[in-house]
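**Q** Handing over entry06.pdb, PDB, C-alpha atoms and all ligand atoms.
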ATOM      1  CA  MET T   1       0.000   0.000   0.000
ATOM      2  CA  SER T   2       1.275   3.465  -0.815
ATOM      3  CA  THR T   3       2.056   5.864   1.984
ATOM      4  CA  ALA T   4      -0.890   7.961   3.110
ATOM      5  CA  VAL T   5      -0.670  11.686   2.446
ATOM      6  CA  VAL T   6      -2.466  12.474   5.692
ATOM      7  CA  ASP T   7      -2.883   9.991   8.509
ATOM      8  CA  VAL T   8      -4.504  10.999  11.771
ATOM      9  CA  ARG T   9      -4.903   8.178  14.290
ATOM     10  CA  HIS T  10      -6.993   8.512  17.416
ATOM     11  CA  GLY T  11      -6.567  12.274  17.346
ATOM     12  CA  VAL T  12      -7.775  14.222  20.353
ATOM     13  CA  VAL T  13      -7.958  18.035  20.379
ATOM     14  CA  ALA T  14      -9.118  20.271  23.183
ATOM     15  CA  TYR T  15      -9.393  24.060  23.310
ATOM     16  CA  ASP T  16      -8.858  25.431  26.809
ATOM     17  CA  GLY T  17      -9.485  22.006  28.250
ATOM     18  CA  ARG T  18     -12.757  21.601  26.346
ATOM     19  CA  PRO T  19     -12.592  18.509  24.088
ATOM     20  CA  VAL T  20     -13.468  19.313  20.485
ATOM     21  CA  LEU T  21     -12.215  16.152  18.764
ATOM     22  CA  ARG T  22     -12.416  12.851  20.588
ATOM     23  CA  ASP T  23     -10.549   9.886  19.110
ATOM     24  CA  VAL T  24     -10.731  10.869  15.452
ATOM     25  CA  SER T  25      -8.969   8.902  12.729
ATOM     26  CA  LEU T  26      -8.623  10.041   9.131
ATOM     27  CA  THR T  27      -6.491   8.661   6.319
ATOM     28  CA  VAL T  28      -6.141  10.221   2.885
ATOM     29  CA  ALA T  29      -4.387   8.144   0.226
ATOM     30  CA  PRO T  30      -2.437   9.655  -2.688
ATOM     31  CA  GLY T  31      -4.767  10.751  -5.488
ATOM     32  CA  GLU T  32      -7.884  10.712  -3.331
ATOM     33  CA  VAL T  33     -10.343  13.588  -3.055
ATOM     34  CA  VAL T  34     -11.832  13.480   0.427
ATOM     35  CA  ALA T  35     -14.501  15.852   1.720
ATOM     36  CA  ILE T  36     -15.001  16.503   5.408
ATOM     37  CA  LEU T  37     -18.651  17.277   6.033
ATOM     38  CA  GLY T  38     -20.649  18.115   9.118
ATOM     39  CA  ALA T  39     -22.652  20.748  10.921
ATOM     40  CA  ASN T  40     -21.303  24.078  12.158
ATOM     41  CA  GLY T  41     -19.018  23.632  15.109
ATOM     42  CA  SER T  42     -18.725  19.855  14.709
ATOM     43  CA  GLY T  43     -14.935  20.074  14.497
ATOM     44  CA  LYS T  44     -14.233  19.950  10.737
ATOM     45  CA  SER T  45     -11.778  22.846  10.688
ATOM     46  CA  THR T  46     -10.155  21.600  13.849
ATOM     47  CA  LEU T  47      -9.547  18.214  12.241
ATOM     48  CA  VAL T  48      -7.847  19.779   9.232
ATOM     49  CA  ARG T  49      -5.822  22.130  11.409
ATOM     50  CA  ALA T  50      -4.722  19.259  13.615
ATOM     51  CA  ALA T  51      -3.704  17.270  10.533
ATOM     52  CA  LEU T  52      -1.415  20.160   9.528
ATOM     53  CA  GLY T  53      -0.059  20.793  12.995
ATOM     54  CA  LEU T  54      -1.801  24.173  13.294
ATOM     55  CA  VAL T  55      -3.409  23.015  16.518
ATOM     56  CA  PRO T  56      -1.688  20.474  18.747
ATOM     57  CA  VAL T  57      -3.188  17.052  19.381
ATOM     58  CA  ALA T  58      -3.549  16.144  23.027
ATOM     59  CA  GLY T  59      -3.658  12.475  22.088
ATOM     60  CA  GLY T  60      -3.088  10.250  19.080
ATOM     61  CA  THR T  61      -0.663  10.634  16.181
ATOM     62  CA  VAL T  62      -0.452  12.645  12.972
ATOM     63  CA  THR T  63       1.660  11.571  10.006
ATOM     64  CA  LEU T  64       2.181  13.459   6.727
ATOM     65  CA  PHE T  65       3.603  11.567   3.749
ATOM     66  CA  GLY T  66       4.753   8.876   6.157
ATOM     67  CA  THR T  67       6.663  11.284   8.412
ATOM     68  CA  PRO T  68       5.517  12.062  11.947
ATOM     69  CA  LEU T  69       4.263  15.628  12.052
ATOM     70  CA  ARG T  70       6.956  16.868  14.441
ATOM     71  CA  ARG T  71       9.643  15.834  11.961
ATOM     72  CA  PHE T  72       7.815  16.856   8.776
ATOM     73  CA  ARG T  73       9.553  19.707   6.916
ATOM     74  CA  GLN T  74       8.462  19.295   3.286
ATOM     75  CA  TRP T  75       5.699  21.859   3.450
ATOM     76  CA  TRP T  76       5.898  22.634  -0.277
ATOM     77  CA  ARG T  77       4.213  19.256  -0.799
ATOM     78  CA  ILE T  78       1.027  20.652   0.731
ATOM     79  CA  GLY T  79      -0.978  23.693  -0.350
ATOM     80  CA  TYR T  80      -3.276  24.946   2.376
ATOM     81  CA  VAL T  81      -6.154  27.365   1.930
ATOM     82  CA  PRO T  82      -7.590  28.378   5.305
ATOM     83  CA  GLN T  83     -11.171  29.309   5.984
ATOM     84  CA  ARG T  84     -11.908  32.772   4.689
ATOM     85  CA  ILE T  85     -11.402  35.589   7.135
ATOM     86  CA  GLY T  86     -13.731  37.767   5.098
ATOM     87  CA  ALA T  87     -13.450  40.222   2.262
ATOM     88  CA  GLY T  88     -11.684  43.537   2.610
ATOM     89  CA  SER T  89      -8.580  42.414   4.452
ATOM     90  CA  GLY T  90      -6.944  45.652   3.370
ATOM     91  CA  VAL T  91      -3.982  43.902   1.767
ATOM     92  CA  PRO T  92      -2.983  46.142  -1.153
ATOM     93  CA  ALA T  93      -1.369  43.358  -3.200
ATOM     94  CA  THR T  94      -2.399  42.477  -6.727
ATOM     95  CA  VAL T  95      -3.835  39.094  -7.649
ATOM     96  CA  GLY T  96      -0.566  38.211  -9.376
ATOM     97  CA  GLU T  97       1.501  39.098  -6.319
ATOM     98  CA  VAL T  98      -0.629  37.014  -3.996
ATOM     99  CA  VAL T  99      -0.448  34.029  -6.315
ATOM    100  CA  ALA T 100       3.309  34.472  -6.797
ATOM    101  CA  SER T 101       3.765  34.364  -3.020
ATOM    102  CA  GLY T 102       2.640  30.745  -3.273
ATOM    103  CA  ARG T 103       6.022  29.973  -4.851
ATOM    104  CA  LEU T 104       8.037  31.064  -1.827
ATOM    105  CA  ALA T 105       8.043  27.728  -0.031
ATOM    106  CA  ARG T 106       9.378  26.122  -3.201
ATOM    107  CA  ARG T 107      12.065  28.528  -4.250
ATOM    108  CA  GLY T 108      13.228  30.000  -0.966
ATOM    109  CA  VAL T 109      12.770  33.664  -0.185
ATOM    110  CA  LEU T 110      16.237  34.768  -1.248
ATOM    111  CA  ARG T 111      16.313  33.345  -4.757
ATOM    112  CA  PRO T 112      14.686  35.571  -7.410
ATOM    113  CA  ALA T 113      11.717  34.240  -9.331
ATOM    114  CA  GLY T 114      12.691  32.323 -12.434
ATOM    115  CA  ALA T 115      10.908  31.144 -15.558
ATOM    116  CA  ALA T 116       9.550  28.069 -13.781
ATOM    117  CA  ASP T 117       8.049  30.282 -11.078
ATOM    118  CA  ARG T 118       6.402  32.548 -13.640
ATOM    119  CA  ARG T 119       5.036  29.560 -15.548
ATOM    120  CA  ALA T 120       3.575  28.062 -12.368
ATOM    121  CA  VAL T 121       1.911  31.359 -11.434
ATOM    122  CA  THR T 122       0.386  31.758 -14.892
ATOM    123  CA  ALA T 123      -0.824  28.166 -14.889
ATOM    124  CA  ALA T 124      -2.422  28.600 -11.462
ATOM    125  CA  LEU T 125      -4.158  31.844 -12.465
ATOM    126  CA  THR T 126      -5.454  30.187 -15.615
ATOM    127  CA  ALA T 127      -6.654  27.130 -13.676
ATOM    128  CA  VAL T 128      -8.950  29.267 -11.524
ATOM    129  CA  GLY T 129     -10.018  31.541 -14.395
ATOM    130  CA  LEU T 130      -8.260  34.690 -13.184
ATOM    131  CA  ALA T 131      -5.511  35.091 -15.783
ATOM    132  CA  GLU T 132      -7.037  38.379 -16.950
ATOM    133  CA  ARG T 133      -7.080  39.809 -13.423
ATOM    134  CA  ALA T 134      -3.404  39.336 -12.482
ATOM    135  CA  GLY T 135      -2.701  43.061 -12.322
ATOM    136  CA  ASP T 136      -5.805  44.003 -10.317
ATOM    137  CA  PRO T 137      -5.662  44.743  -6.585
ATOM    138  CA  VAL T 138      -7.176  41.809  -4.688
ATOM    139  CA  ALA T 139      -9.491  44.214  -2.875
ATOM    140  CA  THR T 140     -11.287  44.997  -6.151
ATOM    141  CA  LEU T 141     -12.337  41.344  -6.628
ATOM    142  CA  SER T 142     -15.537  39.679  -5.473
ATOM    143  CA  GLY T 143     -15.408  37.384  -2.456
ATOM    144  CA  GLY T 144     -15.502  34.349  -4.722
ATOM    145  CA  GLN T 145     -12.695  35.690  -6.872
ATOM    146  CA  GLN T 146     -10.623  36.444  -3.773
ATOM    147  CA  GLN T 147     -11.138  32.867  -2.673
ATOM    148  CA  ARG T 148     -10.021  31.685  -6.117
ATOM    149  CA  THR T 149      -6.915  33.852  -5.735
ATOM    150  CA  LEU T 150      -6.023  31.988  -2.546
ATOM    151  CA  ILE T 151      -6.608  28.668  -4.260
ATOM    152  CA  ALA T 152      -4.368  29.772  -7.144
ATOM    153  CA  ARG T 153      -1.757  30.758  -4.569
ATOM    154  CA  ALA T 154      -1.818  27.206  -3.213
ATOM    155  CA  LEU T 155      -1.754  25.707  -6.723
ATOM    156  CA  ALA T 156       1.204  27.892  -7.717
ATOM    157  CA  GLY T 157       3.383  26.042  -5.224
ATOM    158  CA  GLU T 158       2.715  22.906  -7.300
ATOM    159  CA  PRO T 159       1.878  20.869  -4.218
ATOM    160  CA  GLU T 160       1.113  17.170  -4.207
ATOM    161  CA  ALA T 161      -1.822  17.754  -1.898
ATOM    162  CA  LEU T 162      -4.312  20.562  -1.452
ATOM    163  CA  VAL T 163      -6.003  21.097   1.899
ATOM    164  CA  LEU T 164      -8.918  23.517   1.669
ATOM    165  CA  ASP T 165     -11.178  24.736   4.444
ATOM    166  CA  GLU T 166     -14.634  25.602   3.073
ATOM    167  CA  PRO T 167     -13.306  26.729  -0.312
ATOM    168  CA  THR T 168     -16.744  27.433  -1.744
ATOM    169  CA  ALA T 169     -18.645  28.729   1.287
ATOM    170  CA  GLY T 170     -20.505  31.873   0.310
ATOM    171  CA  VAL T 171     -18.873  31.867  -3.110
ATOM    172  CA  ASP T 172     -20.802  32.798  -6.253
ATOM    173  CA  ALA T 173     -21.834  30.088  -8.707
ATOM    174  CA  ALA T 174     -19.297  31.118 -11.365
ATOM    175  CA  SER T 175     -16.463  30.888  -8.844
ATOM    176  CA  GLN T 176     -17.699  27.528  -7.611
ATOM    177  CA  GLU T 177     -17.647  26.196 -11.163
ATOM    178  CA  ALA T 178     -14.193  27.681 -11.777
ATOM    179  CA  PHE T 179     -12.948  26.106  -8.576
ATOM    180  CA  ALA T 180     -14.425  22.708  -9.478
ATOM    181  CA  GLU T 181     -12.671  22.922 -12.827
ATOM    182  CA  ALA T 182      -9.346  23.771 -11.186
ATOM    183  CA  LEU T 183      -9.757  20.885  -8.786
ATOM    184  CA  ARG T 184     -10.620  18.538 -11.635
ATOM    185  CA  GLY T 185      -7.351  19.470 -13.327
ATOM    186  CA  PHE T 186      -5.409  19.036 -10.105
ATOM    187  CA  LYS T 187      -6.948  15.620  -9.524
ATOM    188  CA  ALA T 188      -6.291  14.562 -13.130
ATOM    189  CA  GLY T 189      -2.628  15.382 -12.551
ATOM    190  CA  GLY T 190      -2.552  12.938  -9.641
ATOM    191  CA  GLY T 191      -3.093  15.519  -6.895
ATOM    192  CA  THR T 192      -4.581  14.638  -3.524
ATOM    193  CA  VAL T 193      -7.315  16.808  -2.026
ATOM    194  CA  LEU T 194      -8.694  17.131   1.479
ATOM    195  CA  LEU T 195     -11.429  19.714   1.740
ATOM    196  CA  VAL T 196     -13.853  20.876   4.373
ATOM    197  CA  ALA T 197     -17.262  21.633   2.947
ATOM    198  CA  HIS T 198     -20.695  22.564   4.017
ATOM    199  CA  GLU T 199     -22.210  22.063   0.610
ATOM    200  CA  LEU T 200     -20.440  20.193  -2.168
ATOM    201  CA  GLY T 201     -22.380  21.705  -5.066
ATOM    202  CA  PRO T 202     -20.381  21.314  -8.302
ATOM    203  CA  LEU T 203     -17.605  19.546  -6.371
ATOM    204  CA  HIS T 204     -19.776  16.524  -5.725
ATOM    205  CA  PRO T 205     -18.714  14.465  -8.790
ATOM    206  CA  LEU T 206     -15.057  14.977  -7.866
ATOM    207  CA  VAL T 207     -15.296  13.667  -4.324
ATOM    208  CA  ASP T 208     -14.163  10.059  -3.867
ATOM    209  CA  ARG T 209     -15.009   9.774  -0.198
ATOM    210  CA  ALA T 210     -16.824  11.735   2.451
ATOM    211  CA  VAL T 211     -15.949  11.879   6.133
ATOM    212  CA  VAL T 212     -18.709  13.237   8.319
ATOM    213  CA  VAL T 213     -17.709  14.807  11.625
ATOM    214  CA  HIS T 214     -20.432  14.929  14.221
ATOM    215  CA  ASP T 215     -19.880  16.279  17.676
ATOM    216  CA  GLY T 216     -16.127  15.752  17.577
ATOM    217  CA  ALA T 217     -16.208  12.200  16.250
ATOM    218  CA  ILE T 218     -16.331  10.549  12.815
ATOM    219  CA  ALA T 219     -19.965   9.652  12.122
ATOM    220  CA  HIS T 220     -19.443   8.335   8.593
ATOM    221  CA  ASP T 221     -16.528   7.485   6.308
ATOM    222  CA  GLY T 222     -17.447   6.332   2.811
ATOM    223  CA  PRO T 223     -19.602   7.399  -0.140
ATOM    224  CA  VAL T 224     -20.966  10.936  -0.136
ATOM    225  CA  PRO T 225     -24.124  10.661   1.951
ATOM    226  CA  ALA T 226     -27.453  12.328   1.477
ATOM    227  CA  PRO T 227     -28.176  14.409   4.546
ATOM    228  CA  ALA T 228     -30.410  12.884   7.171
ATOM    229  CA  GLY T 229     -33.835  14.477   7.398
ATOM    230  CA  HIS T 230     -33.330  15.806   3.909
ATOM    231  CA  HIS T 231     -36.780  17.339   3.627
ATOM    232  CA  ALA T 232     -37.786  17.480   7.255
ATOM    233  CA  ALA T 233     -35.070  19.562   8.885
ATOM    234  CA  PRO T 234     -35.290  23.263   8.040
ATOM    235  CA  ASP T 235     -31.608  23.733   8.923
ATOM    236  CA  HIS T 236     -30.263  20.628   7.228
ATOM    237  CA  ASP T 237     -26.851  20.741   5.583
ATOM    238  CA  HIS T 238     -27.677  20.543   1.938
ATOM    239  CA  VAL T 239     -24.597  18.755   0.678
ATOM    240  CA  HIS T 240     -26.278  16.583  -1.880
ATOM    241  CA  PRO T 241     -28.386  18.280  -4.508
ATOM    242  CA  HIS T 242     -28.736  15.097  -6.592
ATOM    243  CA  ALA T 243     -29.947  12.598  -4.051
ATOM    244  CA  ASP T 244     -30.867  10.074  -6.745
ATOM    245  CA  GLU T 245     -27.249   9.498  -7.770
ATOM    246  CA  GLU T 246     -26.062   7.721  -4.652
ATOM    247  CA  PRO T 247     -27.698   5.641  -1.967
ATOM    248  CA  PRO T 248     -28.360   7.581   1.208
ATOM    249  CA  THR T 249     -25.921   6.188   3.712
ATOM    250  CA  ALA T 250     -25.693   8.942   6.270
ATOM    251  CA  GLY T 251     -26.253   8.521   9.936
ATOM    252  CA  THR T 252     -27.408  11.428  11.974
ATOM    253  CA  TRP T 253     -24.927  14.065  10.915
ATOM    254  CA  GLY T 254     -25.832  17.578  10.055
ATOM    255  CA  ARG T 255     -28.020  18.441  12.995
TER     256      ARG T 255
HETATM  257  N1  LIG B 301      -9.182  28.600  18.592
HETATM  258  C1  LIG B 301     -10.238  28.134  19.269
HETATM  259  N2  LIG B 301     -10.344  28.320  20.589
HETATM  260  C2  LIG B 301     -11.405  27.848  21.284
HETATM  261  N3  LIG B 301     -12.419  27.160  20.718
HETATM  262  C3  LIG B 301     -12.371  26.952  19.404
HETATM  263  C4  LIG B 301     -11.289  27.433  18.594
HETATM  264  N4  LIG B 301     -11.521  27.063  17.307
HETATM  265  C5  LIG B 301     -12.688  26.407  17.315
HETATM  266  N5  LIG B 301     -13.209  26.323  18.549
HETATM  267  C6  LIG B 301     -14.448  25.628  18.929
HETATM  268  O1  LIG B 301     -14.321  24.270  18.586
HETATM  269  C7  LIG B 301     -15.514  23.758  18.036
HETATM  270  C8  LIG B 301     -15.246  23.184  16.659
HETATM  271  O2  LIG B 301     -14.864  24.237  15.793
HETATM  272  P1  LIG B 301     -14.474  24.002  14.265
HETATM  273  O3  LIG B 301     -14.116  25.325  13.706
HETATM  274  O4  LIG B 301     -13.504  22.904  14.163
HETATM  275  O5  LIG B 301     -15.862  23.511  13.686
HETATM  276  P2  LIG B 301     -16.322  23.397  12.186
HETATM  277  O6  LIG B 301     -16.975  22.072  12.089
HETATM  278  O7  LIG B 301     -15.204  23.674  11.268
HETATM  279  O8  LIG B 301     -17.413  24.537  12.119
HETATM  280  P3  LIG B 301     -17.784  25.550  10.935
HETATM  281  O9  LIG B 301     -18.548  24.749   9.940
HETATM  282  O10 LIG B 301     -18.645  26.550  11.637
HETATM  283  O11 LIG B 301     -16.511  26.118  10.409
HETATM  284  C9  LIG B 301     -16.506  24.901  18.054
HETATM  285  O12 LIG B 301     -17.300  24.775  19.207
HETATM  286  C10 LIG B 301     -15.640  26.122  18.131
HETATM  287  O13 LIG B 301     -16.311  27.155  18.816
END
What do you get writing this file as structure tokens?
Ligand SMILES: Nc1ncnc2c1ncn2[C@@H]1O[C@H](COP(=O)(O)OP(=O)(O)OP(=O)(O)O)[C@@H](O)[C@H]1O

**A**
Amino acid sequence: MSTAVVDVRHGVVAYDGRPVLRDVSLTVAPGEVVAILGANGSGKSTLVRAALGLVPVAGGTVTLFGTPLRRFRQWWRIGYVPQRIGAGSGVPATVGEVVASGRLARRGVLRPAGAADRRAVTAALTAVGLAERAGDPVATLSGGQQQRTLIARALAGEPEALVLDEPTAGVDAASQEAFAEALRGFKAGGGTVLLVAHELGPLHPLVDRAVVVHDGAIAHDGPVPAPAGHHAAPDHDHVHPHADEEPPTAGTWGR
């Protein structure tokens, strides 16, 4: 069996002594596209952040590309797009500059950008449909386009794996489609994807496996489920707009 890209075993995370993840295990194999689903506050972001060492685990182990997290240094192999902080961050950079900053982990800060760097930046901008906007200040873009800029930044580093926290939350339909297209290309090139999502929307056909986090534990790990109480619950997580495509296998997540 090939080495897992991400392997969390019996992970436990607590914030200020309050347990948020209790004994969570998650493995992502090379080339897989895995979606982490679940209700607000269930611990999805925490799981991803623990997998990347952004929050410490109080128990269990985390391994990246076969290396224990504390010894892992090859961060260029992973492109991470955090949950959006919100539009209007006040950063005066252009789209091109933000995307180019995604090359830093690869080339080292002190070496000037070369042809390979410029090619990677152009390819990433094209992949998310923003090639025409490279010279525009990020602040002049829509929220969805800003999100695509961050995804292009991650792609520009030519990582083997992309880890994305709610990449399409609150993003316009055109940006969602552009993102799905970019992800399709990344997957076709053998890339591995771990993404947190509330709704899959156009990403649904790309997702190989869904992991549902419920109340700090894994409630489901397998085919993309239809949400429980699909029609009954007014606040259901609508992750599956085409419920006829897959058998409903969900437990009680999404409440
Ligand atoms: N830095 C933090 N300090 C304290 N508590 C936190 C912190 N980050 C998250 N939490 C709490 O941990 C729980 C899980 O949060 P997390 O962000 O992982 O959930 P989520 O499933 O990603 O939710 P959402 O869909 O709203 O993003 C929540 O109750 C949240 O309030």

**Q** Got a sec to check which residues lie within 6 Å of ligand LIG 301 (chain B), using all atoms listed in the file, and send them as a list in words?

**A**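 Written in the requested form, the residues are Tyr15, Val20, Ala39, Asn40, Gly41, Ser42, Gly43, Lys44, Ser45 and Thr46 of chain T.
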
**Q** Taking (0.9, 41.4, -1.9) as a centre in this file's frame and 12 Å as the limit, can you find every polymer residue with an atom that close, using all atoms listed in the file, and give them as a compact mmCIF listing (two decimals) with C-alpha atoms, keeping the file's coordinate frame?

**A**
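Below is the file that was written, point_31.txt:
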# COMPACT_ATOMS: atom_id res chain seq x y z
CA SER T 89 -8.58 42.41 4.45
CA GLY T 90 -6.94 45.65 3.37
CA VAL T 91 -3.98 43.90 1.77
CA PRO T 92 -2.98 46.14 -1.15
CA ALA T 93 -1.37 43.36 -3.20
CA THR T 94 -2.40 42.48 -6.73
CA VAL T 95 -3.84 39.09 -7.65
CA GLY T 96 -0.57 38.21 -9.38
CA GLU T 97 1.50 39.10 -6.32
CA VAL T 98 -0.63 37.01 -4.00
CA VAL T 99 -0.45 34.03 -6.32
CA ALA T 100 3.31 34.47 -6.80
CA SER T 101 3.76 34.36 -3.02
CA GLY T 102 2.64 30.74 -3.27
CA ALA T 134 -3.40 39.34 -12.48
CA GLY T 135 -2.70 43.06 -12.32
CA ASP T 136 -5.80 44.00 -10.32
CA PRO T 137 -5.66 44.74 -6.58
CA VAL T 138 -7.18 41.81 -4.69
CA ALA T 139 -9.49 44.21 -2.88
CA THR T 149 -6.92 33.85 -5.74
CA LEU T 150 -6.02 31.99 -2.55
CA ARG T 153 -1.76 30.76 -4.57

**Q** Would you please work out which residue, of T:Pro112, T:Gly31, T:Gly190, T:Gly38, is nearest to His220 of chain T when using only C-alpha atoms?

**A**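 Closest candidate: T:Gly38.
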
**Q** Counting all atoms listed in the file, which of T:Ala156, T:Ile218, T:Ile78, T:Ala226 gets nearest to His204 of chain T?

**A**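 Of all the options, T:Ala226 lies closest to His204 of chain T.
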
**Q** Expressed in Å to a single decimal, how great is the separation between atom CA of Val211 of chain T and atom CA of Arg73 of chain T?

**A** 26.7 Å

**Q** Any idea what's packed within 12 Å of Thr192 of chain T, counting all atoms listed in the file, ignoring anything in its chain fewer than 5 positions away? Could you give it as a VMD selection string?

**A** chain T and resid 4 to 6 27 to 35 65 77 to 80 155 158 to 164 183 to 187 206 to 209

**Q** I need the residues from that last selection saved to file as a PDB file, in the frame of the given file (with C-alpha atoms), if you can.

**A**
ATOM      1  CA  ALA T   4      -0.890   7.961   3.110  1.00  0.00           C
ATOM      2  CA  VAL T   5      -0.670  11.686   2.446  1.00  0.00           C
ATOM      3  CA  VAL T   6      -2.466  12.474   5.692  1.00  0.00           C
ATOM      4  CA  THR T  27      -6.491   8.661   6.319  1.00  0.00           C
ATOM      5  CA  VAL T  28      -6.141  10.221   2.885  1.00  0.00           C
ATOM      6  CA  ALA T  29      -4.387   8.144   0.226  1.00  0.00           C
ATOM      7  CA  PRO T  30      -2.437   9.655  -2.688  1.00  0.00           C
ATOM      8  CA  GLY T  31      -4.767  10.751  -5.488  1.00  0.00           C
ATOM      9  CA  GLU T  32      -7.884  10.712  -3.331  1.00  0.00           C
ATOM     10  CA  VAL T  33     -10.343  13.588  -3.055  1.00  0.00           C
ATOM     11  CA  VAL T  34     -11.832  13.480   0.427  1.00  0.00           C
ATOM     12  CA  ALA T  35     -14.501  15.852   1.720  1.00  0.00           C
ATOM     13  CA  PHE T  65       3.603  11.567   3.749  1.00  0.00           C
ATOM     14  CA  ARG T  77       4.213  19.256  -0.799  1.00  0.00           C
ATOM     15  CA  ILE T  78       1.027  20.652   0.731  1.00  0.00           C
ATOM     16  CA  GLY T  79      -0.978  23.693  -0.350  1.00  0.00           C
ATOM     17  CA  TYR T  80      -3.276  24.946   2.376  1.00  0.00           C
ATOM     18  CA  LEU T 155      -1.754  25.707  -6.723  1.00  0.00           C
ATOM     19  CA  GLU T 158       2.715  22.906  -7.300  1.00  0.00           C
ATOM     20  CA  PRO T 159       1.878  20.869  -4.218  1.00  0.00           C
ATOM     21  CA  GLU T 160       1.113  17.170  -4.207  1.00  0.00           C
ATOM     22  CA  ALA T 161      -1.822  17.754  -1.898  1.00  0.00           C
ATOM     23  CA  LEU T 162      -4.312  20.562  -1.452  1.00  0.00           C
ATOM     24  CA  VAL T 163      -6.003  21.097   1.899  1.00  0.00           C
ATOM     25  CA  LEU T 164      -8.918  23.517   1.669  1.00  0.00           C
ATOM     26  CA  LEU T 183      -9.757  20.885  -8.786  1.00  0.00           C
ATOM     27  CA  ARG T 184     -10.620  18.538 -11.635  1.00  0.00           C
ATOM     28  CA  GLY T 185      -7.351  19.470 -13.327  1.00  0.00           C
ATOM     29  CA  PHE T 186      -5.409  19.036 -10.105  1.00  0.00           C
ATOM     30  CA  LYS T 187      -6.948  15.620  -9.524  1.00  0.00           C
ATOM     31  CA  LEU T 206     -15.057  14.977  -7.866  1.00  0.00           C
ATOM     32  CA  VAL T 207     -15.296  13.667  -4.324  1.00  0.00           C
ATOM     33  CA  ASP T 208     -14.163  10.059  -3.867  1.00  0.00           C
ATOM     34  CA  ARG T 209     -15.009   9.774  -0.198  1.00  0.00           C
TER      35      ARG T 209
END

**Q** Which residues fall under the PyMOL selection byres (((chain T and resi 63) around 8) and not hetatm) in this file, as a PyMOL selection string?

**A** chain T and resi 5-8+51+61-62+64-69

**Q** Please indicate the distance in Å from atom CA of Gly53 of chain T to atom CA of Ala169 of chain T, rounded to one decimal place.

**A**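 Interatomic distance here is 23.4 Å.
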
**Q** Please enumerate the residues selected by the PyMOL selection byres (((chain T and resi 83) around 12) and not hetatm) when evaluated against the supplied file, formatted as a list in words.

**A**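 That selection, the PyMOL selection byres (((chain T and resi 83) around 12) and not hetatm), comes back as Lys44, Ser45, Thr46, Val48, Arg49, Tyr80, Val81, Pro82, Arg84, Ile85, Gly86, Ala87, Gln147, Leu150, Ile151, Val163, Leu164, Asp165, Glu166, Pro167, Thr168, Ala169, Gly170, Leu195, Val196, Ala197 and His198 of chain T.
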
**Q** How far is it from atom CA of Val128 of chain T to atom CA of Leu47 of chain T, in Å with one decimal?

**A**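 Between these atoms lies a distance of 26.2 Å.
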
**Q** Written as a short mmCIF file (atom, residue, chain, number, x, y, z; two decimals) with C-alpha atoms, keeping the file's coordinate frame, what is the full residue list that the PyMOL selection byres (((chain T and resi 174) around 12) and not hetatm) yields on the file shown?

**A**
data_model
loop_
_atom_site.label_atom_id
_atom_site.label_comp_id
_atom_site.auth_asym_id
_atom_site.auth_seq_id
_atom_site.Cartn_x
_atom_site.Cartn_y
_atom_site.Cartn_z
CA VAL T 128 -8.95 29.27 -11.52
CA GLY T 129 -10.02 31.54 -14.40
CA LEU T 130 -8.26 34.69 -13.18
CA SER T 142 -15.54 39.68 -5.47
CA GLY T 143 -15.41 37.38 -2.46
CA GLY T 144 -15.50 34.35 -4.72
CA GLN T 145 -12.70 35.69 -6.87
CA ARG T 148 -10.02 31.68 -6.12
CA THR T 168 -16.74 27.43 -1.74
CA GLY T 170 -20.50 31.87 0.31
CA VAL T 171 -18.87 31.87 -3.11
CA ASP T 172 -20.80 32.80 -6.25
CA ALA T 173 -21.83 30.09 -8.71
CA SER T 175 -16.46 30.89 -8.84
CA GLN T 176 -17.70 27.53 -7.61
CA GLU T 177 -17.65 26.20 -11.16
CA ALA T 178 -14.19 27.68 -11.78
CA PHE T 179 -12.95 26.11 -8.58
CA ALA T 180 -14.42 22.71 -9.48
CA GLU T 181 -12.67 22.92 -12.83
CA GLY T 201 -22.38 21.70 -5.07
CA PRO T 202 -20.38 21.31 -8.30
#

**Q** Which of these residues is nearest to Ile36 of chain T, using only C-alpha atoms: T:Ala14, T:Leu21, T:Leu104, T:Ala210?

**A** T:Ala210

**Q** Compare T:Pro19, T:Glu132, T:Val24, T:Leu37 by their minimum atom-to-atom distance to Val224 of chain T, counting all atoms listed in the file, and give me the closest one.

**A**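 Ranked by minimum distance to Val224 of chain T, first place goes to T:Leu37.
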
**Q** Just the residues within 12 Å of Gly17 of chain T, please, counting all atoms listed in the file, with nothing from its chain fewer than 5 positions along; format it as a VMD selection string.

**A** chain T and resid 12 57 to 58

**Q** Pick from T:Asp23, T:Thr3, T:Ala182, T:Ala113: nearest to Thr126 of chain T, with all atoms listed in the file counted?

**A**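 Ranked by minimum distance to Thr126 of chain T, first place goes to T:Ala182.
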
**Q** Could you check the closest approach to Gln74 of chain T for each of T:Gly157, T:Glu199, T:Ala123, T:Pro56 and tell me which residue wins, using only C-alpha atoms?

**A**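 Of T:Gly157, T:Glu199, T:Ala123, T:Pro56, the one nearest Gln74 of chain T is T:Gly157, counting only C-alpha atoms.
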